[in-house]
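Below you'll find the structure, written out as structure tokens, and then a few comments.
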Amino acid sequence: MPTDTHVRHAVVMGAGMAGLAAARVLADSFEAVTVIERDTLPSASAPRAGVPQGHHVHGLLALGAEVFEGHFPGLRAELEQAGAPVWDWGEGLCAVLPNGIPPSTPMGMPIQTFSRPLLEHVLRQRVTALGPVTLRDGLTVTGLRTAAPGKITGVRVRDGDGEDNALHVTLHGANGTQLPHNDDDFLSFAKSLRGPVADTIASLTPTSAVRRYARTVNRRIAYHRLARWPEGLIALGDSVCTFNPAYGQGMTVAALEARLLEQMLGNRRAGTPLDGQAFQKAAGPRHRLLMADGNHPRPGLGAVAALLARQGRQLVHEPPDRHRPP
């Protein structure tokens with residue numbers, strides 16, 4: 001996200017969740033915000049090539065939903081009106097645990113699920129309605145423009161190439177599980193799982209092909225450790241870290257990065273450029289807290305796993321009233 005030293009124009013590379021959230025925040029502080037996206041964006045809610053996981057079910061963690069609602073007031077209601085249901089986590093979730101299925105118990109924790117294309121479409125409409133923002137799709141960023149060593153002034157580009165009452169079903173595999181490629185294998189895989197999912201989908205008619213997504217490795221680039229950082233550049237979103245999408249962390253991290261950006265823009269002195277290195281140093285340790293490294297387990301992880309296992313057994317066997325919020 002290059003910015004010039006006169007703090008007038010910001011360029012956001014990418015119109016995904018992080019890019020749209022950043023553009024929303026930047027619009028409060030810059031005279032012009034240009035969002036550049038490689039994909040040719042659909043005019044309605046539809047998948048796009050740059051988001052391969054976009055065919056699968058999406059949902060915001062509670063904190064992410066809160067931050068996005070702050071930046072886009074009325075977002076939850078708008079999504080719900082478009083067909084994205086809001087439901088109570090304890091009452092609507094059917095969690096199949098090793099020891100059984102916990103009883104349905106209202107928790108007072110509202111969760112909203114939706115398709116990724118719907119969410120992006122709604123946010124794009126919100127962001128492009130802002131006066132300073134221009135979205136240019138079908139363009140690929142090929143490099144950064146510099147005025148002097150270590151000073152970024154712009155980018156180089158070249159031309160690139162609703163819910164509708166549908167039930168979105170995503171099946172997860174682990175430990176070398178062979179995931180299905182077609183409708184018959186999809187149903188067979190669902191039947192191999194405990195729980196009601198196979199019975200739920202057996203009588204339904206597929207409306208799309210089976211979509212696989214296998215890039216589930218967490219990746220983080222430690223930009224915050226660099227001794228020098230170019231002036232006028234901020235890295236956020238997938239350019240810094242990517243998460244296994246099964247846990248729904250990525251969109252919430254994008255929201256938190258936007259909130260951090262908003263705070264730093266508000267705290268800087270008028271007429272001065274944003275300190276990109278300070279942003280990376282502030283964001284870096286927060287990313288690390290969310291990353292899991294299977295080769296180097298963190299101290300205390302075994303104790304946490306044991307605690308979760310015990311709580312799982314209690315959820316199944318104890319009366320529902322024990323787990324209601326006070």
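Just remember, in the structure tokens the first chain shown is A, the second B, etc., residues are 1-based per chain, and ligands are 1-based in the order shown.
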If you run DSSP on the backbone, which residues of segment 89-201 of chain A are strand (DSSP E), as a ChimeraX atom specification? /A:110-115,133-137,139-148,151-159
Kindly assemble as a tab-separated table a list of the segment 206-260 of chain A residues that lie within 12 Å of segment 116-122 of chain A, each paired with its nearest atom pair and their distance in Å to one decimal, using only C-alpha atoms, sorted first by chain and then by ascending residue number.
residue	atom	partner	partner_atom	distance
A:Pro245	CA	A:Arg116	CA	11.7
A:Gly248	CA	A:Arg116	CA	11.6
A:Met251	CA	A:Arg116	CA	10.3
Using only C-alpha atoms, which residues sit within 7 Å of Val96 of chain A once same-chain residues fewer than 5 positions away are excluded, as a ChimeraX atom specification? /A:101,194-195
Using only C-alpha atoms, which residues sit within 8 Å of segment 127-141 of chain A once same-chain residues fewer than 6 positions away are excluded, as an NGL selection string? :A and (13 or 20 or 23-24 or 27 or 30-41 or 155-161)
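Minimum atom-to-atom distances from A:Arg126, A:Cys94, A:Glu80, A:His55 to Pro196 of chain A were compared using only C-alpha atoms, and the lowest value belongs to A:Cys94.
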